[in-house]
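For reference, the structure discussed in these notes is given below.
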Protein chains: 2
Amino acid sequence: MPRWSPGAQDRLVQSALDLFDEQGYDQTNVAEIAARAGVTERTYYRHFTDKREVLFGTFGDLTEQLSTAVTAAPEDASALRAAQVGLTTLAEALGDQPRDRARQRSRVLAATASLRERELLKMEAWTSAVASALRGRDVPDDIAQIAAATAIGAFQVAFRRWTGPGRAPGLVKCLDEAFSQARSL
Amino acid sequence: MPRWSPGAQDRLVQSALDLFDEQGYDQTNVAEIAARAGVTERTYYRHFTDKREVLFGTFGDLTEQLSTAVTAAPEDASALRAAQVGLTTLAEALGDQPRDRARQRSRVLAATASLRERELLKMEAWTSAVASALRGRDVPDDIAQIAAATAIGAFQVAFRRWTGPGRAPGLVKCLDEAFSQARSL
């Protein structure tokens with residue numbers, strides 16, 4: 001067994017999701033996740049700081065992509081439109097993963113209170129990132145916060161639709177539709 | 001010292017806020033809160049299940065008021081308008097407390113991570129309550145969720161403005177203005 005191999009991170013995520021889904025998050029430990037992925041515990045900790053982070057590992061990168069995209073939106077874009085540009089980059093990144101894996105992650109989160117709290121903190125951090133990038137575009141503070149809250153709300157609706165039962169279109173398309181709905185409120 | 005006296009609950013909330021604010025949430029225990037309020041610990045536990053609940057005690061009642069008001073909004077009200085009717089009842093209830101007390105609570109929350117998480121869960125529960133009441137008005141699921149997210153976002157903006165520095169108008173007025181901003185996005 002190699003100490004490190006390409007794709008180890010991806011295998012660790014999939015092994016963790018499978019184990020959490022099969023036997024529960026609290027009943028699973030890092031040693032089991034590493035074993036199923038065919039790597040050592042040491043390799044696990046090279047990729048993730050703790051057991052929870054295997055589910056949230058790309059979060060920091062995504063937040064930065066989000067801010068950058070909102071900032072780079074066309075100069076004449078409204079606050080909500082600039083927020084949409086930012087969230088579209090997230091939808092492109094997250095929509096790339098297999099839908100079944102996203103569904104599995106949602107299922108694991110729904111079953112574990114401490115993970116739901118971590119997810120809420122993530123959503124709050126994204127809302128703050130969008131609001132802050134909008135303020136950098138000279139959007140007044142109150143408008144920036146409301147536009148950010150609406151945009152994250154639309155993203156959550158799109159994500160839930162994409163991972164829900166039934167045959168939803170791709171995540172980017174779901175997001176477009178959710179923003180249309182937000183505009184027509 | 002009477003074992004129970006009218007207004008004990010209110011005195012407990014104020015004593016807790018003062019102690020949390022002065023010496024920190026983690027450094028304060030229920031015995032100190034009770035002593036400062038002039039009641040026994042037993043009285044404290046008649047009003048609140050634990051130390052944290054002194055900051056969230058009216059939450060269940062407010063959630064029910066919120067749902068009821070959304071449900072009872074005029075039949076021809078749009079989804080966002082019905083959500084606004086619901087949140088106006090919360091603004092009326094919360095805007096009744098002294099603004100300094102609301103500021104003190106915000107300060108304590110900002111300083112304590114576990115309390116911020118509890119507050120996020122509260123906001124999520126309010127979002128779900130609004131979405132669920134809207135679905136009861138035959139609003140389609142996606143629209144109900146987006147309208148609820150926008151409405152809670154507007155409420156948070158209004159609350160932050162009301163408790164922020166400077167001379168904001170009353171909470172109900174701040175909420176009206178935040179909803180106008182949401183509509184003009």
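Going by the structure tokens order, chains are called A, B, ..., each with residues numbered from 1, while ligands are numbered from 1 in the order shown.
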
All residues 9 Å or closer to Arg101 of chain A, only C-alpha atoms, same chain fewer than 5 positions away omitted, as a list in words: Gln14, Leu17 and Ser106 of chain A

Keeping only N, CA and C atoms, write those residues as a PDB file, in the first residue's frame.
ATOM      1  N   GLN A  14     -14.937   9.860  -0.341  1.00  0.00           N
ATOM      2  CA  GLN A  14     -15.951   8.858  -0.682  1.00  0.00           C
ATOM      3  C   GLN A  14     -16.055   7.780   0.404  1.00  0.00           C
ATOM      4  N   LEU A  17     -17.955   9.281   3.364  1.00  0.00           N
ATOM      5  CA  LEU A  17     -19.397   9.385   3.100  1.00  0.00           C
ATOM      6  C   LEU A  17     -20.056   8.013   3.182  1.00  0.00           C
ATOM      7  N   SER A 106     -25.776  15.273   1.774  1.00  0.00           N
ATOM      8  CA  SER A 106     -26.968  15.902   2.359  1.00  0.00           C
ATOM      9  C   SER A 106     -27.634  14.969   3.362  1.00  0.00           C
TER      10      SER A 106
END

Test item, alpha helix (DSSP H) assignment across segment 73-107 of chain A, answer as a list of chain:residue names: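 These are the residues in question: A:Ala79, A:Leu80, A:Arg81, A:Ala82, A:Ala83, A:Gln84, A:Val85, A:Gly86, A:Leu87, A:Thr88, A:Thr89, A:Leu90, A:Ala91, A:Glu92, A:Ala93, A:Leu94, A:Arg99, A:Asp100, A:Arg101, A:Ala102, A:Arg103, A:Gln104, A:Arg105, A:Ser106, A:Arg107.
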
Would you write out, as CSV, a table of all residues in chain A that have an atom no more than 7 Å from an atom of chain B, listing for each the closest atom pair and the distance in Å to one decimal, considering only C-alpha atoms and ordering rows by chain and rising residue number?
residue,atom,partner,partner_atom,distance
A:Leu80,CA,B:Leu185,CA,6.2
A:Glu117,CA,B:Glu117,CA,6.7
A:Leu120,CA,B:Leu120,CA,6.8
A:Asp142,CA,B:Val157,CA,6.3
A:Ile143,CA,B:Gln181,CA,6.5
A:Gln145,CA,B:Val157,CA,6.7
A:Ile146,CA,B:Gly153,CA,5.6
A:Ala147,CA,B:Leu185,CA,6.8
A:Ala149,CA,B:Gly153,CA,5.0
A:Thr150,CA,B:Thr150,CA,4.7
A:Gly153,CA,B:Ala149,CA,5.0
A:Ala154,CA,B:Ile146,CA,5.8
A:Val157,CA,B:Asp142,CA,6.3
A:Gln181,CA,B:Ile143,CA,6.5
A:Ala182,CA,B:Ile146,CA,6.3
A:Leu185,CA,B:Leu80,CA,6.1

Given only C-alpha atoms as the counted atoms, nearest of B:Val172, B:Gly86, B:Ala125, B:Phe59 to Pro74 of chain B: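 Checking each of B:Val172, B:Gly86, B:Ala125, B:Phe59 against Pro74 of chain B, counting only C-alpha atoms, the winner is B:Gly86.
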
Segment 48-50 of chain A surroundings by only C-alpha atoms, 9 Å radius, close-in-sequence under 4 positions cut, as a ChimeraX atom specification: /A:9,30,43-44,54,57

Could you dump the residues just selected with all heavy atoms as a PDB file, in the first residue's frame?
ATOM      1  N   GLN A   9      -7.187  12.000  -1.650  1.00  0.00           N
ATOM      2  CA  GLN A   9      -8.164  12.891  -1.017  1.00  0.00           C
ATOM      3  C   GLN A   9      -9.585  12.532  -1.457  1.00  0.00           C
ATOM      4  O   GLN A   9     -10.492  12.418  -0.635  1.00  0.00           O
ATOM      5  CB  GLN A   9      -7.842  14.359  -1.369  1.00  0.00           C
ATOM      6  CG  GLN A   9      -8.873  15.321  -0.803  1.00  0.00           C
ATOM      7  CD  GLN A   9      -8.352  16.736  -0.716  1.00  0.00           C
ATOM      8  OE1 GLN A   9      -7.145  16.996  -0.705  1.00  0.00           O
ATOM      9  NE2 GLN A   9      -9.271  17.687  -0.644  1.00  0.00           N
ATOM     10  N   VAL A  30     -11.613   7.935  12.268  1.00  0.00           N
ATOM     11  CA  VAL A  30     -10.691   8.253  11.181  1.00  0.00           C
ATOM     12  C   VAL A  30      -9.933   7.013  10.709  1.00  0.00           C
ATOM     13  O   VAL A  30      -9.692   6.836   9.507  1.00  0.00           O
ATOM     14  CB  VAL A  30      -9.724   9.373  11.612  1.00  0.00           C
ATOM     15  CG1 VAL A  30      -8.540   9.492  10.650  1.00  0.00           C
ATOM     16  CG2 VAL A  30     -10.467  10.710  11.692  1.00  0.00           C
ATOM     17  N   THR A  43      -1.853   9.763   6.405  1.00  0.00           N
ATOM     18  CA  THR A  43      -2.260  10.376   5.131  1.00  0.00           C
ATOM     19  C   THR A  43      -3.572  11.130   5.299  1.00  0.00           C
ATOM     20  O   THR A  43      -3.748  12.234   4.769  1.00  0.00           O
ATOM     21  CB  THR A  43      -2.406   9.290   4.037  1.00  0.00           C
ATOM     22  OG1 THR A  43      -1.129   8.687   3.839  1.00  0.00           O
ATOM     23  CG2 THR A  43      -2.885   9.889   2.720  1.00  0.00           C
ATOM     24  N   TYR A  44      -4.490  10.522   6.065  1.00  0.00           N
ATOM     25  CA  TYR A  44      -5.760  11.223   6.326  1.00  0.00           C
ATOM     26  C   TYR A  44      -5.469  12.615   6.881  1.00  0.00           C
ATOM     27  O   TYR A  44      -5.991  13.619   6.389  1.00  0.00           O
ATOM     28  CB  TYR A  44      -6.637  10.437   7.308  1.00  0.00           C
ATOM     29  CG  TYR A  44      -7.950  11.147   7.586  1.00  0.00           C
ATOM     30  CD1 TYR A  44      -9.098  10.837   6.865  1.00  0.00           C
ATOM     31  CD2 TYR A  44      -8.021  12.165   8.539  1.00  0.00           C
ATOM     32  CE1 TYR A  44     -10.288  11.508   7.083  1.00  0.00           C
ATOM     33  CE2 TYR A  44      -9.211  12.848   8.763  1.00  0.00           C
ATOM     34  CZ  TYR A  44     -10.330  12.523   8.033  1.00  0.00           C
ATOM     35  OH  TYR A  44     -11.501  13.203   8.243  1.00  0.00           O
ATOM     36  N   VAL A  54     -13.481  16.228   6.621  1.00  0.00           N
ATOM     37  CA  VAL A  54     -13.582  15.481   5.359  1.00  0.00           C
ATOM     38  C   VAL A  54     -14.853  15.887   4.601  1.00  0.00           C
ATOM     39  O   VAL A  54     -14.920  15.778   3.380  1.00  0.00           O
ATOM     40  CB  VAL A  54     -13.518  13.954   5.631  1.00  0.00           C
ATOM     41  CG1 VAL A  54     -14.794  13.445   6.274  1.00  0.00           C
ATOM     42  CG2 VAL A  54     -13.215  13.173   4.359  1.00  0.00           C
ATOM     43  N   GLY A  57     -13.920  20.066   3.488  1.00  0.00           N
ATOM     44  CA  GLY A  57     -12.537  20.361   3.150  1.00  0.00           C
ATOM     45  C   GLY A  57     -12.316  21.455   2.129  1.00  0.00           C
ATOM     46  O   GLY A  57     -11.346  22.201   2.220  1.00  0.00           O
TER      47      GLY A  57
END

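Taking only C-alpha atoms into account, Ser180 of chain B lies nearest to B:Gln84 out of the set B:Gln23, B:Gln84, B:Thr71, B:Thr63.
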
Among listed residues A:Gln97, A:Thr88, A:Thr112, A:Ser132, nearest Cys174 of chain A (using only C-alpha atoms):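 Of all the options, A:Thr88 lies closest to Cys174 of chain A.
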
Selected residue of minimal separation from Ile33 of chain B among B:Ala77, B:Gln65, B:Tyr45, B:Leu12, counting only C-alpha atoms: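 Distance minimum relative to Ile33 of chain B lands on B:Leu12.
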
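Our summary of the geometry notes that atom CA of Asn29 of chain A is positioned 7.2 Å from atom CA of Lys51 of chain A.
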
Between atom CA of Leu115 of chain A and atom CA of Glu53 of chain A, distance in Å (one decimal):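 Calculated distance between atom CA of Leu115 of chain A and atom CA of Glu53 of chain A is 10.0 Å.
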
Nearest candidate to Leu66 of chain B (options B:Val85, B:Ala111, B:Ala31, B:Val139; using only C-alpha atoms):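 Checking each candidate against Leu66 of chain B, we get B:Val85 as the closest.
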
Nearest to Arg11 of chain B by atom-to-atom distance, counting only C-alpha atoms, from B:Ala34, B:Gly24, B:Leu175, B:Ala131: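 Checking each candidate against Arg11 of chain B, we get B:Ala34 as the closest.
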
d(atom CA of Asp10 of chain B, atom CA of Ala69 of chain B) in Å: 25.4 Å
